[in-house]
$ cat target_20.txt   # compact mmCIF, N, CA and C atoms and all ligand atoms
# COMPACT_ATOMS: atom_id res chain seq x y z
N MET A 1 -15.49 30.20 -146.35
CA MET A 1 -14.03 30.13 -146.20
C MET A 1 -13.43 29.62 -147.50
N ALA A 2 -12.35 30.23 -147.84
CA ALA A 2 -11.74 29.87 -149.12
C ALA A 2 -10.28 30.27 -149.11
N ILE A 3 -9.53 29.55 -149.93
CA ILE A 3 -8.13 29.92 -150.12
C ILE A 3 -8.06 30.95 -151.24
N ARG A 4 -7.40 32.04 -150.98
CA ARG A 4 -7.23 33.06 -152.04
C ARG A 4 -5.81 32.99 -152.60
N ASP A 5 -5.66 33.48 -153.82
CA ASP A 5 -4.33 33.50 -154.44
C ASP A 5 -3.48 34.60 -153.80
N ILE A 6 -2.23 34.27 -153.54
CA ILE A 6 -1.30 35.26 -152.99
C ILE A 6 -0.52 35.88 -154.15
N VAL A 7 -0.55 37.22 -154.22
CA VAL A 7 0.18 37.88 -155.30
C VAL A 7 1.68 37.89 -154.99
N THR A 8 2.47 37.92 -156.04
CA THR A 8 3.91 37.98 -155.86
C THR A 8 4.39 39.41 -156.07
N ASP A 9 5.65 39.63 -155.76
CA ASP A 9 6.18 40.99 -155.82
C ASP A 9 6.39 41.50 -157.24
N GLU A 10 6.04 40.67 -158.22
CA GLU A 10 6.01 41.20 -159.60
C GLU A 10 4.76 42.05 -159.81
N ASN A 11 3.80 41.90 -158.92
CA ASN A 11 2.54 42.64 -159.03
C ASN A 11 2.66 43.99 -158.32
N GLU A 12 2.41 45.05 -159.07
CA GLU A 12 2.60 46.42 -158.54
C GLU A 12 1.67 46.77 -157.40
N ILE A 13 0.62 45.97 -157.22
CA ILE A 13 -0.32 46.29 -156.14
C ILE A 13 0.39 46.29 -154.78
N LEU A 14 1.45 45.49 -154.67
CA LEU A 14 2.17 45.43 -153.39
C LEU A 14 2.85 46.75 -153.03
N ARG A 15 2.96 47.65 -154.00
CA ARG A 15 3.58 48.96 -153.76
C ARG A 15 2.57 50.05 -153.45
N LYS A 16 1.31 49.68 -153.44
CA LYS A 16 0.27 50.67 -153.19
C LYS A 16 -0.03 50.79 -151.69
N ILE A 17 -0.57 51.96 -151.32
CA ILE A 17 -0.95 52.19 -149.92
C ILE A 17 -2.38 51.66 -149.71
N SER A 18 -2.54 50.81 -148.73
CA SER A 18 -3.87 50.27 -148.44
C SER A 18 -4.73 51.32 -147.73
N LYS A 19 -6.02 51.21 -147.93
CA LYS A 19 -6.96 52.21 -147.37
C LYS A 19 -7.61 51.69 -146.08
N PRO A 20 -7.90 52.62 -145.17
CA PRO A 20 -8.55 52.20 -143.93
C PRO A 20 -9.90 51.53 -144.18
N VAL A 21 -10.21 50.57 -143.34
CA VAL A 21 -11.54 49.94 -143.36
C VAL A 21 -12.51 50.90 -142.69
N GLU A 22 -13.63 51.15 -143.35
CA GLU A 22 -14.63 52.05 -142.77
C GLU A 22 -15.88 51.32 -142.35
N VAL A 23 -16.14 50.18 -142.96
CA VAL A 23 -17.35 49.41 -142.65
C VAL A 23 -16.94 48.02 -142.18
N PHE A 24 -17.39 47.66 -140.99
CA PHE A 24 -17.07 46.35 -140.42
C PHE A 24 -18.24 45.41 -140.70
N ASP A 25 -18.26 44.90 -141.91
CA ASP A 25 -19.42 44.13 -142.35
C ASP A 25 -19.05 42.67 -142.63
N ASP A 26 -20.01 41.95 -143.19
CA ASP A 26 -19.79 40.52 -143.49
C ASP A 26 -18.68 40.33 -144.51
N LYS A 27 -18.53 41.30 -145.40
CA LYS A 27 -17.49 41.19 -146.42
C LYS A 27 -16.11 41.19 -145.76
N LEU A 28 -15.97 42.02 -144.74
CA LEU A 28 -14.71 42.05 -143.99
C LEU A 28 -14.48 40.72 -143.28
N ALA A 29 -15.55 40.19 -142.69
CA ALA A 29 -15.43 38.91 -141.97
C ALA A 29 -15.01 37.78 -142.93
N VAL A 30 -15.58 37.79 -144.12
CA VAL A 30 -15.23 36.77 -145.11
C VAL A 30 -13.77 36.93 -145.52
N LEU A 31 -13.35 38.18 -145.72
CA LEU A 31 -11.94 38.43 -146.08
C LEU A 31 -11.02 37.88 -144.99
N LEU A 32 -11.34 38.18 -143.72
CA LEU A 32 -10.49 37.71 -142.62
C LEU A 32 -10.48 36.19 -142.52
N ASP A 33 -11.64 35.58 -142.71
CA ASP A 33 -11.70 34.11 -142.68
C ASP A 33 -10.85 33.52 -143.81
N ASP A 34 -10.97 34.11 -144.98
CA ASP A 34 -10.21 33.61 -146.13
C ASP A 34 -8.71 33.82 -145.92
N MET A 35 -8.35 34.95 -145.31
CA MET A 35 -6.93 35.21 -145.06
C MET A 35 -6.37 34.19 -144.07
N LYS A 36 -7.18 33.83 -143.08
CA LYS A 36 -6.74 32.82 -142.11
C LYS A 36 -6.48 31.48 -142.81
N ASP A 37 -7.41 31.07 -143.65
CA ASP A 37 -7.26 29.81 -144.39
C ASP A 37 -6.05 29.87 -145.33
N THR A 38 -5.90 31.00 -145.98
CA THR A 38 -4.82 31.15 -146.96
C THR A 38 -3.46 31.13 -146.26
N LEU A 39 -3.38 31.79 -145.12
CA LEU A 39 -2.14 31.82 -144.35
C LEU A 39 -1.78 30.42 -143.86
N LYS A 40 -2.80 29.72 -143.37
CA LYS A 40 -2.55 28.37 -142.84
C LYS A 40 -2.06 27.44 -143.95
N LYS A 41 -2.74 27.50 -145.09
CA LYS A 41 -2.36 26.62 -146.20
C LYS A 41 -0.93 26.91 -146.66
N ALA A 42 -0.56 28.20 -146.65
CA ALA A 42 0.77 28.60 -147.10
C ALA A 42 1.82 28.37 -146.01
N ASN A 43 1.35 28.02 -144.82
CA ASN A 43 2.24 27.77 -143.69
C ASN A 43 3.11 29.00 -143.38
N GLY A 44 2.47 30.17 -143.40
CA GLY A 44 3.20 31.40 -143.17
C GLY A 44 2.96 31.96 -141.79
N ALA A 45 3.66 33.05 -141.49
CA ALA A 45 3.54 33.70 -140.18
C ALA A 45 2.60 34.91 -140.24
N GLY A 46 2.41 35.45 -141.43
CA GLY A 46 1.55 36.62 -141.53
C GLY A 46 1.12 36.88 -142.95
N LEU A 47 0.01 37.59 -143.06
CA LEU A 47 -0.52 37.91 -144.39
C LEU A 47 -1.28 39.22 -144.30
N ALA A 48 -1.00 40.11 -145.25
CA ALA A 48 -1.73 41.37 -145.32
C ALA A 48 -2.75 41.28 -146.46
N ALA A 49 -3.84 42.04 -146.32
CA ALA A 49 -4.91 41.95 -147.32
C ALA A 49 -4.41 42.25 -148.73
N VAL A 50 -3.48 43.18 -148.84
CA VAL A 50 -2.96 43.52 -150.16
C VAL A 50 -2.34 42.30 -150.84
N GLN A 51 -1.87 41.36 -150.06
CA GLN A 51 -1.25 40.15 -150.64
C GLN A 51 -2.28 39.23 -151.29
N VAL A 52 -3.56 39.44 -150.97
CA VAL A 52 -4.60 38.72 -151.71
C VAL A 52 -5.36 39.71 -152.61
N GLY A 53 -4.72 40.84 -152.88
CA GLY A 53 -5.24 41.78 -153.87
C GLY A 53 -6.27 42.76 -153.35
N ILE A 54 -6.39 42.88 -152.02
CA ILE A 54 -7.38 43.78 -151.43
C ILE A 54 -6.65 44.91 -150.71
N LEU A 55 -6.84 46.14 -151.19
CA LEU A 55 -6.11 47.29 -150.63
C LEU A 55 -6.80 47.86 -149.39
N LYS A 56 -6.92 47.03 -148.39
CA LYS A 56 -7.51 47.43 -147.11
C LYS A 56 -6.47 47.25 -146.01
N ARG A 57 -6.55 48.12 -145.00
CA ARG A 57 -5.57 48.06 -143.91
C ARG A 57 -5.97 46.96 -142.91
N VAL A 58 -5.61 45.75 -143.30
CA VAL A 58 -5.97 44.55 -142.56
C VAL A 58 -4.80 43.59 -142.64
N PHE A 59 -4.42 42.99 -141.50
CA PHE A 59 -3.48 41.87 -141.59
C PHE A 59 -3.77 40.81 -140.54
N VAL A 60 -3.25 39.63 -140.79
CA VAL A 60 -3.35 38.53 -139.83
C VAL A 60 -1.94 38.00 -139.57
N VAL A 61 -1.74 37.55 -138.34
CA VAL A 61 -0.44 37.00 -137.95
C VAL A 61 -0.68 35.74 -137.12
N SER A 62 0.10 34.72 -137.43
CA SER A 62 0.09 33.49 -136.65
C SER A 62 1.52 33.26 -136.17
N ALA A 63 1.73 33.45 -134.87
CA ALA A 63 3.10 33.38 -134.36
C ALA A 63 3.10 32.99 -132.89
N ASP A 64 4.07 32.19 -132.52
CA ASP A 64 4.22 31.78 -131.11
C ASP A 64 2.90 31.27 -130.52
N ASN A 65 2.22 30.44 -131.30
CA ASN A 65 0.97 29.81 -130.84
C ASN A 65 -0.17 30.78 -130.59
N ASN A 66 -0.07 31.98 -131.15
CA ASN A 66 -1.19 32.91 -131.06
C ASN A 66 -1.60 33.33 -132.47
N TYR A 67 -2.86 33.67 -132.59
CA TYR A 67 -3.37 34.14 -133.88
C TYR A 67 -3.99 35.52 -133.68
N TYR A 68 -3.63 36.44 -134.56
CA TYR A 68 -4.11 37.82 -134.46
C TYR A 68 -4.74 38.24 -135.77
N GLU A 69 -5.82 39.00 -135.68
CA GLU A 69 -6.30 39.69 -136.89
C GLU A 69 -6.53 41.14 -136.48
N ILE A 70 -5.95 42.04 -137.25
CA ILE A 70 -5.99 43.45 -136.87
C ILE A 70 -6.41 44.30 -138.07
N VAL A 71 -7.39 45.15 -137.79
CA VAL A 71 -7.94 46.06 -138.80
C VAL A 71 -7.49 47.47 -138.44
N ASN A 72 -7.08 48.22 -139.42
CA ASN A 72 -6.61 49.60 -139.23
C ASN A 72 -5.54 49.71 -138.14
N PRO A 73 -4.50 48.89 -138.21
CA PRO A 73 -3.47 48.90 -137.16
C PRO A 73 -2.63 50.17 -137.16
N GLU A 74 -2.21 50.54 -135.97
CA GLU A 74 -1.23 51.63 -135.80
C GLU A 74 -0.20 51.15 -134.80
N ILE A 75 1.07 51.24 -135.15
CA ILE A 75 2.12 50.95 -134.18
C ILE A 75 2.30 52.21 -133.34
N VAL A 76 2.02 52.10 -132.06
CA VAL A 76 2.01 53.29 -131.21
C VAL A 76 3.26 53.39 -130.32
N GLU A 77 3.94 52.27 -130.14
CA GLU A 77 5.19 52.30 -129.38
C GLU A 77 6.10 51.23 -129.93
N GLU A 78 7.40 51.50 -129.94
CA GLU A 78 8.36 50.46 -130.29
C GLU A 78 9.63 50.70 -129.50
N SER A 79 10.31 49.59 -129.19
CA SER A 79 11.56 49.73 -128.45
C SER A 79 12.49 48.57 -128.78
N GLY A 80 13.78 48.84 -128.61
CA GLY A 80 14.80 47.82 -128.85
C GLY A 80 15.00 47.55 -130.33
N VAL A 81 15.97 46.70 -130.61
CA VAL A 81 16.27 46.31 -131.99
C VAL A 81 16.57 44.81 -132.02
N GLN A 82 16.11 44.14 -133.06
CA GLN A 82 16.48 42.75 -133.32
C GLN A 82 16.80 42.66 -134.81
N ILE A 83 17.83 41.92 -135.13
CA ILE A 83 18.18 41.70 -136.54
C ILE A 83 18.12 40.20 -136.80
N ASP A 84 17.31 39.82 -137.79
CA ASP A 84 17.19 38.40 -138.10
C ASP A 84 16.72 38.24 -139.55
N ASP A 85 16.77 36.98 -140.01
CA ASP A 85 16.33 36.69 -141.37
C ASP A 85 14.82 36.85 -141.49
N GLU A 86 14.42 37.34 -142.63
CA GLU A 86 13.00 37.54 -142.88
C GLU A 86 12.67 37.09 -144.29
N ALA A 87 11.44 36.66 -144.48
CA ALA A 87 10.97 36.24 -145.80
C ALA A 87 9.50 36.64 -145.92
N CYS A 88 8.92 36.33 -147.07
CA CYS A 88 7.55 36.81 -147.33
C CYS A 88 6.87 35.84 -148.28
N LEU A 89 5.59 35.58 -148.06
CA LEU A 89 4.85 34.66 -148.93
C LEU A 89 4.74 35.20 -150.36
N SER A 90 4.94 36.51 -150.52
CA SER A 90 4.86 37.11 -151.86
C SER A 90 6.21 37.15 -152.58
N VAL A 91 7.26 36.71 -151.88
CA VAL A 91 8.61 36.78 -152.47
C VAL A 91 9.20 35.37 -152.46
N LYS A 92 9.38 34.84 -153.65
CA LYS A 92 9.85 33.46 -153.76
C LYS A 92 11.37 33.37 -153.61
N ASN A 93 11.82 32.38 -152.85
CA ASN A 93 13.24 32.02 -152.79
C ASN A 93 14.17 33.17 -152.43
N PHE A 94 13.75 34.00 -151.50
CA PHE A 94 14.66 35.04 -151.04
C PHE A 94 14.38 35.35 -149.58
N SER A 95 15.46 35.47 -148.82
CA SER A 95 15.33 35.97 -147.46
C SER A 95 16.55 36.83 -147.19
N CYS A 96 16.43 37.72 -146.24
CA CYS A 96 17.58 38.56 -145.89
C CYS A 96 17.39 39.09 -144.47
N LYS A 97 18.48 39.64 -143.95
CA LYS A 97 18.43 40.17 -142.59
C LYS A 97 17.73 41.53 -142.59
N VAL A 98 16.84 41.69 -141.61
CA VAL A 98 16.11 42.94 -141.46
C VAL A 98 16.11 43.32 -139.98
N ALA A 99 16.37 44.60 -139.71
CA ALA A 99 16.30 45.10 -138.34
C ALA A 99 14.87 45.52 -138.03
N ARG A 100 14.39 45.06 -136.92
CA ARG A 100 13.03 45.39 -136.47
C ARG A 100 13.08 45.75 -134.99
N PRO A 101 12.06 46.44 -134.50
CA PRO A 101 12.00 46.65 -133.05
C PRO A 101 11.86 45.31 -132.32
N LYS A 102 12.40 45.26 -131.14
CA LYS A 102 12.30 44.05 -130.31
C LYS A 102 10.89 43.92 -129.71
N LYS A 103 10.28 45.07 -129.51
CA LYS A 103 8.97 45.09 -128.86
C LYS A 103 8.13 46.19 -129.51
N VAL A 104 6.88 45.88 -129.80
CA VAL A 104 5.97 46.90 -130.32
C VAL A 104 4.62 46.82 -129.62
N LYS A 105 4.01 47.99 -129.53
CA LYS A 105 2.62 48.05 -129.07
C LYS A 105 1.80 48.52 -130.26
N ILE A 106 0.76 47.77 -130.55
CA ILE A 106 -0.05 48.07 -131.72
C ILE A 106 -1.50 48.23 -131.30
N LYS A 107 -2.15 49.21 -131.88
CA LYS A 107 -3.58 49.42 -131.62
C LYS A 107 -4.33 49.27 -132.93
N GLY A 108 -5.55 48.79 -132.84
CA GLY A 108 -6.37 48.64 -134.03
C GLY A 108 -7.75 48.19 -133.64
N PHE A 109 -8.38 47.44 -134.52
CA PHE A 109 -9.76 47.00 -134.29
C PHE A 109 -9.89 45.54 -134.67
N ASP A 110 -10.84 44.87 -134.02
CA ASP A 110 -11.15 43.50 -134.44
C ASP A 110 -12.16 43.56 -135.58
N ARG A 111 -12.62 42.39 -136.03
CA ARG A 111 -13.51 42.34 -137.20
C ARG A 111 -14.88 42.98 -136.95
N PHE A 112 -15.19 43.21 -135.67
CA PHE A 112 -16.48 43.81 -135.34
C PHE A 112 -16.37 45.32 -135.09
N GLY A 113 -15.14 45.85 -135.17
CA GLY A 113 -14.94 47.27 -134.94
C GLY A 113 -14.63 47.61 -133.50
N LYS A 114 -14.39 46.59 -132.70
CA LYS A 114 -14.03 46.81 -131.30
C LYS A 114 -12.53 47.08 -131.20
N PRO A 115 -12.14 48.11 -130.43
CA PRO A 115 -10.70 48.40 -130.33
C PRO A 115 -9.93 47.24 -129.70
N VAL A 116 -8.75 46.99 -130.23
CA VAL A 116 -7.85 45.98 -129.66
C VAL A 116 -6.46 46.61 -129.51
N GLU A 117 -5.70 46.06 -128.60
CA GLU A 117 -4.35 46.56 -128.37
C GLU A 117 -3.48 45.36 -128.00
N TYR A 118 -2.34 45.24 -128.63
CA TYR A 118 -1.43 44.13 -128.33
C TYR A 118 -0.03 44.67 -128.13
N THR A 119 0.64 44.15 -127.12
CA THR A 119 2.07 44.40 -126.96
C THR A 119 2.77 43.07 -127.18
N VAL A 120 3.65 43.04 -128.18
CA VAL A 120 4.28 41.78 -128.57
C VAL A 120 5.79 41.99 -128.71
N THR A 121 6.51 40.89 -128.64
CA THR A 121 7.97 40.95 -128.68
C THR A 121 8.52 39.93 -129.68
N ASP A 122 9.81 40.08 -129.92
CA ASP A 122 10.58 39.08 -130.66
C ASP A 122 9.94 38.73 -132.01
N PHE A 123 9.73 37.43 -132.25
CA PHE A 123 9.25 37.00 -133.57
C PHE A 123 7.89 37.61 -133.92
N THR A 124 7.02 37.68 -132.92
CA THR A 124 5.69 38.23 -133.18
C THR A 124 5.78 39.72 -133.53
N ALA A 125 6.66 40.44 -132.83
CA ALA A 125 6.86 41.87 -133.14
C ALA A 125 7.39 42.02 -134.57
N ARG A 126 8.30 41.14 -134.96
CA ARG A 126 8.83 41.15 -136.33
C ARG A 126 7.70 40.93 -137.35
N ALA A 127 6.86 39.97 -137.07
CA ALA A 127 5.75 39.67 -138.00
C ALA A 127 4.79 40.86 -138.09
N PHE A 128 4.48 41.47 -136.96
CA PHE A 128 3.58 42.63 -136.98
C PHE A 128 4.18 43.75 -137.83
N CYS A 129 5.46 44.03 -137.64
CA CYS A 129 6.10 45.12 -138.39
C CYS A 129 6.15 44.81 -139.88
N HIS A 130 6.43 43.55 -140.22
CA HIS A 130 6.49 43.13 -141.62
C HIS A 130 5.12 43.33 -142.29
N GLU A 131 4.07 42.89 -141.61
CA GLU A 131 2.72 43.00 -142.19
C GLU A 131 2.27 44.46 -142.24
N TYR A 132 2.61 45.21 -141.21
CA TYR A 132 2.27 46.64 -141.17
C TYR A 132 2.92 47.35 -142.36
N ASP A 133 4.16 47.00 -142.66
CA ASP A 133 4.86 47.58 -143.82
C ASP A 133 4.08 47.33 -145.11
N HIS A 134 3.50 46.12 -145.25
CA HIS A 134 2.75 45.82 -146.48
C HIS A 134 1.62 46.82 -146.70
N LEU A 135 1.02 47.31 -145.61
CA LEU A 135 -0.09 48.25 -145.75
C LEU A 135 0.38 49.59 -146.31
N ASN A 136 1.68 49.81 -146.23
CA ASN A 136 2.26 51.06 -146.75
C ASN A 136 3.12 50.82 -147.99
N GLY A 137 2.95 49.68 -148.63
CA GLY A 137 3.65 49.41 -149.88
C GLY A 137 5.12 49.07 -149.73
N ILE A 138 5.51 48.71 -148.51
CA ILE A 138 6.92 48.39 -148.25
C ILE A 138 7.10 46.88 -148.20
N ILE A 139 8.15 46.39 -148.88
CA ILE A 139 8.48 44.97 -148.88
C ILE A 139 9.75 44.79 -148.05
N PHE A 140 9.84 43.67 -147.34
CA PHE A 140 10.92 43.51 -146.34
C PHE A 140 12.31 43.78 -146.89
N TYR A 141 12.54 43.42 -148.17
CA TYR A 141 13.91 43.60 -148.68
C TYR A 141 14.28 45.07 -148.91
N ASP A 142 13.26 45.94 -148.86
CA ASP A 142 13.57 47.38 -148.88
C ASP A 142 14.41 47.76 -147.67
N ARG A 143 14.28 46.97 -146.61
CA ARG A 143 14.96 47.26 -145.35
C ARG A 143 16.16 46.33 -145.11
N GLU A 144 16.63 45.68 -146.17
CA GLU A 144 17.74 44.72 -146.01
C GLU A 144 18.93 45.35 -145.32
N GLU A 145 19.45 44.62 -144.34
CA GLU A 145 20.69 45.01 -143.65
C GLU A 145 21.85 44.58 -144.51
N LYS A 146 22.63 45.53 -145.00
CA LYS A 146 23.75 45.18 -145.89
C LYS A 146 25.04 45.05 -145.09
NI NI A 201 5.22 39.73 -146.53
$ encode --input "target_20.txt" --output "structure tokens"
Amino acid sequence: MAIRDIVTDENEILRKISKPVEVFDDKLAVLLDDMKDTLKKANGAGLAAVQVGILKRVFVVSADNNYYEIVNPEIVEESGVQIDDEACLSVKNFSCKVARPKKVKIKGFDRFGKPVEYTVTDFTARAFCHEYDHLNGIIFYDREEK
């Protein structure tokens, strides 16, 4: 377990598309453990692998007293709208309003390659959507509500 450096939005890697995980090995487990430690130390709600410089479709979220780690996530359903302030560990001193679904259903895999499915709402849904965007090179302020 280790704390990894979080890249900032000056780094172009945040604009790249992350690649699906194909092998569920010890390296993936170490990455997920490190992401958990890094997220906790930064006191954040979510972290995508690209934010520690790894272009893999992996994110972790800590929200509403639950902790999630999702590999190869797909948002399969979304409903409703919520607009609220959002920020990012990779973006210093900036937050803005972003519209997100009120509820999302997400499918993916755990660190062992077992399928997982979560239906989440409100803040957790916002965090899932924010992290999912990172896997596609999107930063929250791209979606700023003006
Ligand atoms: Ni972020």
$ residues_near_ligand --input "target_20.txt" --ligand "ligand NI 201 (chain A)" --cutoff "10 Å" --atoms "only C-alpha atoms and all ligand atoms" --output "MDAnalysis selection string"
chainID A and resid 8:9 14 44:48 50:51 86:91 127 129:134 138:141
$ residues_around --input "target_20.txt" --residues "region 74-76 of chain A" --least-positions-apart "3" --cutoff "5 Å" --atoms "only N, CA and C atoms" --output "PDB file with N, CA and C atoms, in the coordinates of the input"
ATOM      1  N   LYS A 105       4.010  47.990-129.530  1.00  0.00           N
ATOM      2  CA  LYS A 105       2.620  48.050-129.070  1.00  0.00           C
ATOM      3  C   LYS A 105       1.800  48.520-130.260  1.00  0.00           C
ATOM      4  N   ILE A 106       0.760  47.770-130.550  1.00  0.00           N
ATOM      5  CA  ILE A 106      -0.050  48.070-131.720  1.00  0.00           C
ATOM      6  C   ILE A 106      -1.500  48.230-131.300  1.00  0.00           C
ATOM      7  N   LYS A 107      -2.150  49.210-131.880  1.00  0.00           N
ATOM      8  CA  LYS A 107      -3.580  49.420-131.620  1.00  0.00           C
ATOM      9  C   LYS A 107      -4.330  49.270-132.930  1.00  0.00           C
ATOM     10  N   GLY A 108      -5.550  48.790-132.840  1.00  0.00           N
ATOM     11  CA  GLY A 108      -6.370  48.640-134.030  1.00  0.00           C
ATOM     12  C   GLY A 108      -7.750  48.190-133.640  1.00  0.00           C
TER      13      GLY A 108
END
$ closest_atom_pairs --input "target_20.txt" --of "region 69-144 of chain A" --to "region 22-31 of chain A" --cutoff "7 Å" --atoms "all atoms listed in the file" --output "Markdown table"
| residue | atom | partner | partner_atom | distance |
| --- | --- | --- | --- | --- |
| A:Arg111 | C | A:Phe24 | CA | 5.3 |
| A:Phe112 | C | A:Phe24 | CA | 5.5 |
| A:Gly113 | N | A:Phe24 | CA | 5.6 |
$ residues_around --input "target_20.txt" --residues "Lys40 (chain A)" --least-positions-apart "5" --cutoff "12 Å" --atoms "only C-alpha atoms" --output "number ranges by chain"
A: 2-4, 33-35, 45-47, 60-63, 67, 89
$ write_last_selection --input "target_20.txt" --atoms "N, CA and C atoms" --output "mmCIF file, keeping the file's coordinate frame"
data_model
loop_
_atom_site.group_PDB
_atom_site.id
_atom_site.type_symbol
_atom_site.label_atom_id
_atom_site.label_comp_id
_atom_site.auth_asym_id
_atom_site.auth_seq_id
_atom_site.Cartn_x
_atom_site.Cartn_y
_atom_site.Cartn_z
ATOM 1 N N ALA A 2 -12.350 30.230 -147.840
ATOM 2 C CA ALA A 2 -11.740 29.870 -149.120
ATOM 3 C C ALA A 2 -10.280 30.270 -149.110
ATOM 4 N N ILE A 3 -9.530 29.550 -149.930
ATOM 5 C CA ILE A 3 -8.130 29.920 -150.120
ATOM 6 C C ILE A 3 -8.060 30.950 -151.240
ATOM 7 N N ARG A 4 -7.400 32.040 -150.980
ATOM 8 C CA ARG A 4 -7.230 33.060 -152.040
ATOM 9 C C ARG A 4 -5.810 32.990 -152.600
ATOM 10 N N ASP A 33 -11.640 35.580 -142.710
ATOM 11 C CA ASP A 33 -11.700 34.110 -142.680
ATOM 12 C C ASP A 33 -10.850 33.520 -143.810
ATOM 13 N N ASP A 34 -10.970 34.110 -144.980
ATOM 14 C CA ASP A 34 -10.210 33.610 -146.130
ATOM 15 C C ASP A 34 -8.710 33.820 -145.920
ATOM 16 N N MET A 35 -8.350 34.950 -145.310
ATOM 17 C CA MET A 35 -6.930 35.210 -145.060
ATOM 18 C C MET A 35 -6.370 34.190 -144.070
ATOM 19 N N ALA A 45 3.660 33.050 -141.490
ATOM 20 C CA ALA A 45 3.540 33.700 -140.180
ATOM 21 C C ALA A 45 2.600 34.910 -140.240
ATOM 22 N N GLY A 46 2.410 35.450 -141.430
ATOM 23 C CA GLY A 46 1.550 36.620 -141.530
ATOM 24 C C GLY A 46 1.120 36.880 -142.950
ATOM 25 N N LEU A 47 0.010 37.590 -143.060
ATOM 26 C CA LEU A 47 -0.520 37.910 -144.390
ATOM 27 C C LEU A 47 -1.280 39.220 -144.300
ATOM 28 N N VAL A 60 -3.250 39.630 -140.790
ATOM 29 C CA VAL A 60 -3.350 38.530 -139.830
ATOM 30 C C VAL A 60 -1.940 38.000 -139.570
ATOM 31 N N VAL A 61 -1.740 37.550 -138.340
ATOM 32 C CA VAL A 61 -0.440 37.000 -137.950
ATOM 33 C C VAL A 61 -0.680 35.740 -137.120
ATOM 34 N N SER A 62 0.100 34.720 -137.430
ATOM 35 C CA SER A 62 0.090 33.490 -136.650
ATOM 36 C C SER A 62 1.520 33.260 -136.170
ATOM 37 N N ALA A 63 1.730 33.450 -134.870
ATOM 38 C CA ALA A 63 3.100 33.380 -134.360
ATOM 39 C C ALA A 63 3.100 32.990 -132.890
ATOM 40 N N TYR A 67 -2.860 33.670 -132.590
ATOM 41 C CA TYR A 67 -3.370 34.140 -133.880
ATOM 42 C C TYR A 67 -3.990 35.520 -133.680
ATOM 43 N N LEU A 89 5.590 35.580 -148.060
ATOM 44 C CA LEU A 89 4.850 34.660 -148.930
ATOM 45 C C LEU A 89 4.740 35.200 -150.360
#
$ closest_residue --input "target_20.txt" --among "A:Arg57, A:Arg100, A:Lys146, A:Arg126" --to "Gly80 (chain A)" --atoms "all atoms listed in the file"
A:Arg100
$ atom_distance --input "target_20.txt" --atom1 "atom N of Leu135 (chain A)" --atom2 "CA of Thr121 (chain A)"
19.4 Å
$ closest_residue --input "target_20.txt" --among "A:Ile13, A:Glu77, A:Lys56, A:Glu69" --to "Leu32 (chain A)" --atoms "only N, CA and C atoms"
A:Glu69
$ atom_distance --input "target_20.txt" --atom1 "atom N of Asn65 (chain A)" --atom2 "atom C of Ile6 (chain A)"
23.6 Å
$ closest_residue --input "target_20.txt" --among "A:Arg143, A:Val116, A:Val71, A:Glu78" --to "Val98 (chain A)" --atoms "only N, CA and C atoms"
A:Arg143
$ atom_distance --input "target_20.txt" --atom1 "CA of Ala125 (chain A)" --atom2 "atom N of Phe59 (chain A)"
14.1 Å
$ residues_around --input "target_20.txt" --residues "region 53-55 of chain A" --least-positions-apart "6" --cutoff "7 Å" --atoms "only C-alpha atoms" --output "PyMOL selection string"
chain A and resi 7+18-19
$ residues_around --input "target_20.txt" --residues "Asp85 (chain A)" --least-positions-apart "5" --cutoff "8 Å" --atoms "all atoms listed in the file" --output "list of chain:residue names"
A:Ser95, A:Cys96, A:Lys97, A:Val98, A:Ala99
$ write_last_selection --input "target_20.txt" --atoms "N, CA and C atoms" --output "PDB file, in the coordinates of the input"
ATOM      1  N   SER A  95      15.460  35.470-148.820  1.00  0.00           N
ATOM      2  CA  SER A  95      15.330  35.970-147.460  1.00  0.00           C
ATOM      3  C   SER A  95      16.550  36.830-147.190  1.00  0.00           C
ATOM      4  N   CYS A  96      16.430  37.720-146.240  1.00  0.00           N
ATOM      5  CA  CYS A  96      17.580  38.560-145.890  1.00  0.00           C
ATOM      6  C   CYS A  96      17.390  39.090-144.470  1.00  0.00           C
ATOM      7  N   LYS A  97      18.480  39.640-143.950  1.00  0.00           N
ATOM      8  CA  LYS A  97      18.430  40.170-142.590  1.00  0.00           C
ATOM      9  C   LYS A  97      17.730  41.530-142.590  1.00  0.00           C
ATOM     10  N   VAL A  98      16.840  41.690-141.610  1.00  0.00           N
ATOM     11  CA  VAL A  98      16.110  42.940-141.460  1.00  0.00           C
ATOM     12  C   VAL A  98      16.110  43.320-139.980  1.00  0.00           C
ATOM     13  N   ALA A  99      16.370  44.600-139.710  1.00  0.00           N
ATOM     14  CA  ALA A  99      16.300  45.100-138.340  1.00  0.00           C
ATOM     15  C   ALA A  99      14.870  45.520-138.030  1.00  0.00           C
TER      16      ALA A  99
END
$ axis_aligned_box --input "target_20.txt" --around "region 119-128 of chain A" --padding-each-side "4 Å" --output "JSON"
{"center_x": 5.6, "center_y": 40.7, "center_z": -132.5, "size_x": 17.9, "size_y": 15.4, "size_z": 19.1}
$ select_by_dssp --input "target_20.txt" --residues "chain A" --states "strand (DSSP E)" --output "number ranges by chain"
A: 46-48, 58-63, 66-79, 82-88, 91-100, 103-109, 115-121
